[in-house]
file entry_36.cif (mmCIF, C-alpha atoms)
data_run
loop_
_atom_site.label_atom_id
_atom_site.label_comp_id
_atom_site.auth_asym_id
_atom_site.auth_seq_id
_atom_site.Cartn_x
_atom_site.Cartn_y
_atom_site.Cartn_z
CA PHE L 1 55.66 47.25 -33.38
CA ASP L 2 54.45 50.43 -31.66
CA ALA L 3 57.97 51.84 -31.73
CA THR L 4 58.17 51.18 -35.48
CA ILE L 5 54.97 53.15 -36.05
CA LEU L 6 56.11 55.99 -33.81
CA GLY L 7 59.53 56.17 -35.44
CA GLY L 8 58.17 55.80 -38.96
CA TYR L 9 55.66 58.63 -38.76
CA ASN L 10 58.04 60.97 -36.97
CA VAL L 11 60.76 60.34 -39.56
CA LEU L 12 58.19 60.82 -42.34
CA TYR L 13 57.12 64.15 -40.84
CA TYR L 14 60.71 65.42 -40.81
CA SER L 15 61.48 64.17 -44.32
CA SER L 16 58.42 65.44 -46.24
CA CYS L 17 56.98 68.71 -47.57
CA GLU L 18 53.50 70.22 -47.43
CA SER L 19 52.70 68.74 -50.87
CA GLY L 20 53.38 65.22 -49.60
CA SER L 21 56.69 64.94 -51.46
CA VAL L 22 59.24 62.91 -49.50
CA SER L 23 62.89 62.15 -50.06
CA ASN L 24 64.06 58.90 -51.68
CA TRP L 25 66.63 58.49 -48.94
CA VAL L 26 66.80 60.16 -45.54
CA GLY L 27 69.10 60.01 -42.59
CA VAL L 28 68.31 58.80 -39.10
CA GLN L 29 71.13 58.72 -36.60
CA ALA L 30 71.34 58.31 -32.86
CA ALA L 31 74.79 56.85 -32.39
CA CYS L 32 75.78 55.27 -29.09
CA ALA L 33 78.97 56.36 -27.37
CA ASP L 34 79.92 52.70 -27.09
CA ASP L 35 79.97 50.93 -30.46
CA GLY L 36 79.34 47.65 -28.67
CA ALA L 37 76.10 48.79 -27.04
CA LEU L 38 72.88 47.28 -28.33
CA SER L 39 70.85 50.39 -27.50
CA CYS L 40 71.13 53.82 -25.94
CA ARG L 41 69.15 57.01 -25.59
CA GLY L 42 68.83 59.21 -28.64
CA VAL L 43 66.48 60.90 -31.09
CA PRO L 44 66.91 59.37 -34.58
CA TRP L 45 65.20 62.26 -36.40
CA THR L 46 67.21 65.06 -34.79
CA HIS L 47 68.88 65.87 -38.11
CA THR L 48 66.55 64.11 -40.58
CA PRO L 49 66.69 64.23 -43.60
CA TYR L 50 70.45 64.45 -43.07
CA VAL L 51 72.67 61.72 -41.67
CA GLY L 52 74.05 63.57 -38.69
CA GLU L 53 74.21 67.33 -39.20
CA THR L 54 75.15 67.41 -42.89
CA GLY L 55 75.57 63.85 -44.20
CA HIS L 56 73.81 62.36 -47.23
CA CYS L 57 73.06 58.78 -48.25
CA ASN L 58 71.65 57.01 -51.28
CA VAL L 59 71.68 53.69 -53.14
CA SER L 60 69.90 52.12 -56.16
CA GLY L 61 70.57 55.05 -58.47
CA THR L 62 68.12 57.51 -56.91
CA HIS L 63 69.19 60.63 -55.09
CA TRP L 64 69.08 61.83 -51.50
CA GLY L 65 66.80 64.78 -50.78
CA GLN L 66 64.70 64.22 -53.89
CA TYR L 67 61.14 62.95 -54.50
CA GLY L 68 61.64 60.16 -57.02
CA ALA L 69 61.24 56.48 -57.84
CA ASP L 70 62.02 55.12 -54.39
CA ALA L 71 59.98 57.74 -52.55
CA SER L 72 57.02 57.46 -54.92
CA ARG L 73 55.63 54.42 -53.11
CA MET L 74 55.11 56.31 -49.87
CA PRO L 75 51.54 57.54 -50.59
CA TRP L 76 50.11 54.08 -51.30
CA ARG L 77 51.94 52.59 -48.34
CA ILE L 78 50.42 55.17 -46.02
CA ALA L 79 47.05 54.74 -47.75
CA MET L 80 47.27 51.01 -46.99
CA ASP L 81 48.00 51.77 -43.35
CA TYR L 82 44.90 53.97 -43.25
CA VAL L 83 42.71 51.36 -44.98
CA LEU L 84 43.94 48.42 -42.91
CA PHE L 85 44.17 50.22 -39.58
CA THR L 86 41.82 53.18 -39.90
CA GLU L 87 41.40 53.87 -36.18
CA GLU L 88 44.94 52.97 -35.13
CA SER L 89 46.54 55.12 -37.85
CA GLU L 90 44.92 58.19 -36.28
CA LYS L 91 46.81 57.69 -33.02
CA VAL L 92 50.42 58.73 -33.52
CA ASP L 93 52.46 60.56 -30.90
CA MET L 94 54.58 63.27 -32.50
CA TYR L 95 57.86 64.52 -31.05
CA ASP L 96 60.07 67.52 -31.63
CA ARG L 97 63.67 67.16 -32.74
CA THR L 98 64.89 66.95 -29.15
CA GLY L 99 62.67 64.00 -28.32
CA HIS L 100 59.85 65.71 -26.44
CA ILE L 101 56.20 65.19 -27.28
CA ASP L 102 54.86 68.12 -29.28
CA ALA L 103 51.07 68.28 -29.12
CA THR L 104 51.04 71.12 -31.66
CA ILE L 105 52.12 68.73 -34.43
CA LYS L 106 49.07 67.13 -36.04
CA PHE L 107 50.33 64.28 -38.19
CA ASN L 108 49.20 60.75 -38.98
CA ALA L 109 48.18 58.72 -42.04
CA ARG L 110 45.16 60.92 -42.76
CA HIS L 111 47.05 64.18 -42.36
CA TYR L 112 49.87 62.99 -44.61
CA LEU L 113 47.49 61.86 -47.37
CA HIS L 114 45.56 65.13 -47.10
CA ARG L 115 48.72 66.87 -48.28
CA PHE L 116 48.44 65.24 -51.72
CA VAL L 117 44.71 65.91 -52.02
CA THR L 118 45.27 69.53 -51.00
CA GLN L 119 48.04 69.88 -53.57
CA TYR L 120 45.70 68.77 -56.34
CA ARG L 121 42.87 70.95 -55.10
CA ARG L 122 45.11 74.02 -54.91
CA PHE L 123 47.20 73.72 -58.05
CA ALA L 124 45.61 71.37 -60.58
CA GLN L 125 44.05 73.30 -63.46
CA CYS L 126 40.79 71.40 -63.19
CA ASP L 127 38.64 70.19 -60.29
CA GLY L 128 38.21 66.43 -60.28
CA GLY L 129 35.44 66.80 -57.72
CA ILE L 130 33.19 68.43 -60.33
CA PRO L 131 31.81 65.94 -62.88
CA GLY L 132 33.35 66.57 -66.30
CA ASP L 133 35.68 69.37 -65.22
CA CYS L 134 38.81 67.34 -66.03
CA ASP L 135 37.35 65.70 -69.14
CA CYS L 136 39.33 65.65 -72.38
CA HIS L 137 37.65 67.65 -75.16
CA TYR L 138 39.98 67.41 -78.12
CA GLY L 139 41.21 64.99 -80.77
CA ASP L 140 40.16 61.38 -80.37
CA CYS L 141 39.08 61.72 -76.75
CA LYS L 142 36.24 59.44 -75.73
CA VAL L 143 33.31 60.36 -73.53
CA ASN L 144 34.42 60.78 -69.89
CA ASP L 145 38.12 60.45 -70.72
CA THR L 146 40.20 62.48 -68.28
CA GLN L 147 42.89 64.81 -69.57
CA ALA L 148 46.15 64.39 -67.68
CA PHE L 149 47.71 67.76 -68.47
CA PRO L 150 45.61 69.95 -66.14
CA LEU L 151 46.28 67.57 -63.25
CA SER L 152 50.03 67.59 -63.85
CA ALA L 153 50.23 71.25 -62.81
CA ALA L 154 49.90 70.19 -59.16
CA PHE L 155 53.22 68.32 -59.26
CA GLU L 156 55.05 70.02 -62.14
CA VAL L 157 58.84 69.86 -61.58
CA ASN L 158 60.08 71.40 -64.83
CA GLU L 159 60.35 75.03 -65.85
CA ARG L 160 58.71 75.34 -69.27
CA THR L 161 58.79 78.12 -71.82
CA ASP L 162 56.92 76.47 -74.70
CA GLU L 163 53.56 75.64 -73.14
CA PRO L 164 51.70 75.90 -69.82
CA PRO L 165 52.13 75.19 -66.99
CA THR L 166 55.22 77.36 -67.16
CA HIS L 167 56.34 77.04 -63.57
CA ARG L 168 57.19 74.46 -60.97
CA ALA L 169 54.40 73.68 -58.53
CA PRO L 170 54.81 75.14 -55.04
CA GLY L 171 55.46 72.88 -52.09
CA LEU L 172 57.52 70.19 -53.86
CA VAL L 173 60.76 71.22 -52.20
CA CYS L 174 61.44 72.41 -48.68
CA ASP L 175 64.11 72.00 -46.01
CA ASN L 176 63.09 68.33 -45.67
CA VAL L 177 63.22 67.63 -49.44
CA PRO L 178 65.68 70.18 -50.81
CA ASN L 179 65.98 68.97 -54.42
CA TYR L 180 63.41 68.76 -57.22
CA GLY L 181 62.60 65.18 -58.13
CA GLN L 182 61.17 63.14 -60.99
CA THR L 183 58.30 64.05 -63.23
CA TRP L 184 54.62 63.40 -62.45
CA TRP L 185 54.28 62.08 -66.01
CA ALA L 186 55.95 58.84 -64.98
CA GLY L 187 53.19 56.45 -63.93
CA PHE L 188 55.20 55.35 -60.92
CA MET L 189 55.16 58.96 -59.68
CA SER L 190 51.57 60.00 -60.43
CA TRP L 191 49.47 56.94 -59.61
CA PRO L 192 50.57 56.49 -55.99
CA THR L 193 49.48 60.08 -55.27
CA PHE L 194 45.94 59.22 -56.37
CA THR L 195 45.53 56.76 -53.48
CA ALA L 196 45.34 59.74 -51.12
CA PHE L 197 41.74 60.23 -52.20
CA VAL L 198 40.64 57.10 -50.29
CA VAL L 199 40.86 59.15 -47.10
CA PRO L 200 37.84 61.32 -46.16
CA TYR L 201 38.71 65.01 -46.50
CA SER L 202 36.49 65.99 -43.64
CA GLU L 203 38.04 69.12 -42.20
CA LYS L 204 39.19 72.56 -43.27
CA VAL L 205 42.86 72.83 -44.19
CA THR L 206 44.64 76.18 -44.21
CA TYR L 207 47.80 76.82 -46.24
CA HIS L 208 49.36 80.26 -46.48
CA GLU L 209 46.11 82.05 -45.62
CA GLN L 210 44.17 79.94 -48.16
CA THR L 211 41.46 77.73 -46.63
CA ILE L 212 40.53 74.52 -48.40
CA GLY L 213 37.11 73.29 -47.32
CA PRO L 214 36.08 69.69 -46.65
CA MET L 215 34.83 67.40 -49.41
CA ASN L 216 31.76 65.24 -49.14
CA ARG L 217 31.71 61.57 -50.14
CA THR L 218 30.36 62.34 -53.61
CA GLU L 219 33.20 64.79 -54.36
CA SER L 220 35.83 62.27 -53.24
CA MET L 221 34.27 59.55 -55.38
CA THR L 222 34.08 61.91 -58.36
CA TRP L 223 37.79 62.65 -57.99
CA MET L 224 38.63 58.94 -58.03
CA GLN L 225 36.30 58.40 -60.98
CA ALA L 226 38.12 61.11 -62.91
CA LEU L 227 41.51 59.62 -62.07
CA ALA L 228 40.38 56.14 -63.09
CA HIS L 229 39.50 57.50 -66.54
CA LEU L 230 43.05 58.64 -67.27
CA CYS L 231 43.65 55.25 -68.93
CA ASP L 232 41.91 54.00 -72.07
CA PHE L 233 41.35 50.23 -72.13
CA SER L 234 39.22 50.15 -75.30
CA LYS L 235 42.04 48.44 -77.22
CA PHE L 236 43.06 46.09 -74.43
CA ASN L 237 42.04 43.01 -76.41
CA ASP L 238 43.26 40.69 -79.17
CA GLU L 239 42.12 43.03 -81.89
CA GLY L 240 43.84 46.02 -80.30
CA PHE L 241 47.01 44.05 -79.50
CA TRP L 242 46.43 44.63 -75.78
CA GLN L 243 47.23 48.32 -75.90
CA ILE L 244 46.48 50.67 -73.02
CA GLY L 245 46.13 54.34 -73.87
CA GLY L 246 46.83 57.31 -71.65
CA ALA L 247 49.74 59.63 -71.02
CA VAL L 248 50.41 58.28 -67.51
CA CYS L 249 49.40 54.68 -68.21
CA GLN L 250 52.73 53.13 -69.11
CA THR L 251 52.93 49.34 -69.29
CA ASN L 252 56.52 48.45 -68.48
CA TYR L 253 57.20 46.75 -65.16
CA PHE L 254 58.04 49.57 -62.76
CA HIS L 255 55.33 51.92 -63.97
CA ALA L 256 52.68 49.20 -64.19
CA SER L 257 53.44 47.77 -60.75
CA GLN L 258 52.74 51.11 -59.07
CA GLU L 259 49.65 51.67 -61.21
CA VAL L 260 48.22 48.25 -60.32
CA VAL L 261 48.85 48.55 -56.57
CA SER L 262 47.41 52.06 -56.54
CA THR L 263 44.24 51.14 -58.43
CA MET L 264 43.65 48.13 -56.19
CA ILE L 265 43.72 50.40 -53.14
CA MET L 266 41.49 52.97 -54.81
CA SER L 267 38.98 50.32 -55.91
CA GLY L 268 38.40 49.01 -52.41
CA SER L 269 40.17 45.71 -53.07
CA VAL L 270 42.12 46.19 -49.83
CA PRO L 271 39.60 45.90 -46.95
CA ALA L 272 40.13 46.95 -43.35
CA LEU L 273 41.47 44.23 -41.08
CA PRO L 274 39.08 42.65 -38.56
CA LYS L 275 39.13 43.95 -35.01
CA LYS L 276 41.21 42.18 -32.39
CA GLY L 277 39.44 39.08 -31.15
CA TRP L 278 37.35 38.67 -34.31
CA ARG L 279 36.48 35.09 -35.23
CA PRO L 280 35.14 33.92 -38.62
#

call {"tool": "encode", "arguments": {"input": "entry_36.cif", "output": "structure tokens"}}
result
Amino acid sequence: FDATILGGYNVLYYSSCESGSVSNWVGVQAACADDGALSCRGVPWTHTPYVGETGHCNVSGTHWGQYGADASRMPWRIAMDYVLFTEESEKVDMYDRTGHIDATIKFNARHYLHRFVTQYRRFAQCDGGIPGDCDCHYGDCKVNDTQAFPLSAAFEVNERTDEPPTHRAPGLVCDNVPNYGQTWWAGFMSWPTFTAFVVPYSEKVTYHEQTIGPMNRTESMTWMQALAHLCDFSKFNDEGFWQIGGAVCQTNYFHASQEVVSTMIMSGSVPALPKKGWRP
């Protein structure tokens, strides 16, 4: 179990970017000289995200080296690790690519989830931590409705010429995720990123000479409140034919499944597990 945690977080570190984006499929390889051997020494993430030095891999119709439908579940999975094992998820030994402990690498569930929060705080065109700053103010918007468009700028993957944002968001691709992935406007891509806000943002984070300060509990809760108001449930009844409104609130299976899991984590429906030795 401990080895799974160690391997998982080290592979995640070497297959993700500063925005939190991670590849659908990544390579881990530490081949034994003897094909019949059950185990041998090796460092699986030596060449991650590649299989060996240059190899690729993918199945299920999604692409290697791209942040898409299969990779989109990573934020809520790590958020669940943090919620269920808050103390334990802080304690992850990180290694360099040659298999030696590297104390300069600071990475665990909290650090990974901070990447998504930081991405929104740096590049979204509104601040969800300020009440009303991301509210929708046009058309048939209702009071407190959140407008999706300003938030999308943080994870924009398309180059646009017709309307802002007109550029791809920084940090979505890197050596670990070399190809641009799927759009934030798919509910299965956007909603899992919102679960990152369950983690306290309690320290300063510096990116490219820009320092992002900590958030207090009220700011974090305001962010989650804003995100929860992206969907309009006013017609989710017999009279409204059970419609759900909202640009990133799709209702088909794959979108809805990620939206439901994400909102359950954000709502506190997933409690921390009892300590070892606890008895009811």

call {"tool": "residues_around", "arguments": {"input": "entry_36.cif", "residues": "L:Ile78", "least_positions_apart": "2", "cutoff": "10 Å", "atoms": "all atoms listed in the file", "output": "ChimeraX atom specification"}}
result
/L:9,73-76,80-84,89,108-110,112-113,195-196

call {"tool": "closest_residue", "arguments": {"input": "entry_36.cif", "among": "L:Val177, L:Ala71, L:Cys134, L:Val43", "to": "L:Ile101", "atoms": "all atoms listed in the file"}}
result
L:Val43

call {"tool": "resolve_selection", "arguments": {"input": "entry_36.cif", "expression": "the PyMOL selection byres ((chain L and resi 212) around 10)", "output": "mmCIF file with C-alpha atoms, in the frame of the given file"}}
result
data_model
loop_
_atom_site.group_PDB
_atom_site.id
_atom_site.type_symbol
_atom_site.label_atom_id
_atom_site.label_comp_id
_atom_site.auth_asym_id
_atom_site.auth_seq_id
_atom_site.Cartn_x
_atom_site.Cartn_y
_atom_site.Cartn_z
ATOM 1 C CA THR L 118 45.270 69.530 -51.000
ATOM 2 C CA ARG L 121 42.870 70.950 -55.100
ATOM 3 C CA ARG L 122 45.110 74.020 -54.910
ATOM 4 C CA TYR L 201 38.710 65.010 -46.500
ATOM 5 C CA GLU L 203 38.040 69.120 -42.200
ATOM 6 C CA LYS L 204 39.190 72.560 -43.270
ATOM 7 C CA VAL L 205 42.860 72.830 -44.190
ATOM 8 C CA THR L 206 44.640 76.180 -44.210
ATOM 9 C CA TYR L 207 47.800 76.820 -46.240
ATOM 10 C CA GLU L 209 46.110 82.050 -45.620
ATOM 11 C CA GLN L 210 44.170 79.940 -48.160
ATOM 12 C CA THR L 211 41.460 77.730 -46.630
ATOM 13 C CA GLY L 213 37.110 73.290 -47.320
ATOM 14 C CA PRO L 214 36.080 69.690 -46.650
ATOM 15 C CA MET L 215 34.830 67.400 -49.410
#

call {"tool": "closest_residue", "arguments": {"input": "entry_36.cif", "among": "L:Thr46, L:Ser60, L:Thr263, L:Asn179", "to": "L:Cys249", "atoms": "all atoms listed in the file"}}
result
L:Thr263

call {"tool": "residues_around", "arguments": {"input": "entry_36.cif", "residues": "L:Asp70", "least_positions_apart": "2", "cutoff": "9 Å", "atoms": "only C-alpha atoms", "output": "PyMOL selection string"}}
result
chain L and resi 23-25+60+62+67-68+72-74

call {"tool": "closest_residue", "arguments": {"input": "entry_36.cif", "among": "L:Ala226, L:Leu6, L:Ala272, L:Leu38", "to": "L:Val92", "atoms": "only C-alpha atoms"}}
result
L:Leu6

call {"tool": "axis_aligned_box", "arguments": {"input": "entry_36.cif", "around": "stretch 51-54 of chain L", "padding_each_side": "6 Å", "output": "AutoDock Vina command-line options"}}
result
--center_x 73.9 --center_y 64.6 --center_z -40.8 --size_x 14.5 --size_y 17.7 --size_z 16.2

call {"tool": "atom_distance", "arguments": {"input": "entry_36.cif", "atom1": "atom CA of L:Asp175", "atom2": "atom CA of L:Thr98"}}
result
17.6 Å

call {"tool": "atom_distance", "arguments": {"input": "entry_36.cif", "atom1": "atom CA of L:Arg168", "atom2": "atom CA of L:Thr183"}}
result
10.7 Å

call {"tool": "atom_distance", "arguments": {"input": "entry_36.cif", "atom1": "atom CA of L:Gly187", "atom2": "atom CA of L:Gly7"}}
result
29.2 Å

call {"tool": "closest_residue", "arguments": {"input": "entry_36.cif", "among": "L:Ala30, L:Leu151, L:Val173, L:Val270", "to": "L:Leu227", "atoms": "all atoms listed in the file"}}
result
L:Leu151

call {"tool": "closest_residue", "arguments": {"input": "entry_36.cif", "among": "L:Val11, L:Val199, L:Ala256, L:Val26", "to": "L:Gln66", "atoms": "all atoms listed in the file"}}
result
L:Val26

call {"tool": "resolve_selection", "arguments": {"input": "entry_36.cif", "expression": "the PyMOL selection byres ((chain L and resi 231) around 6)", "output": "count of residues only"}}
result
6
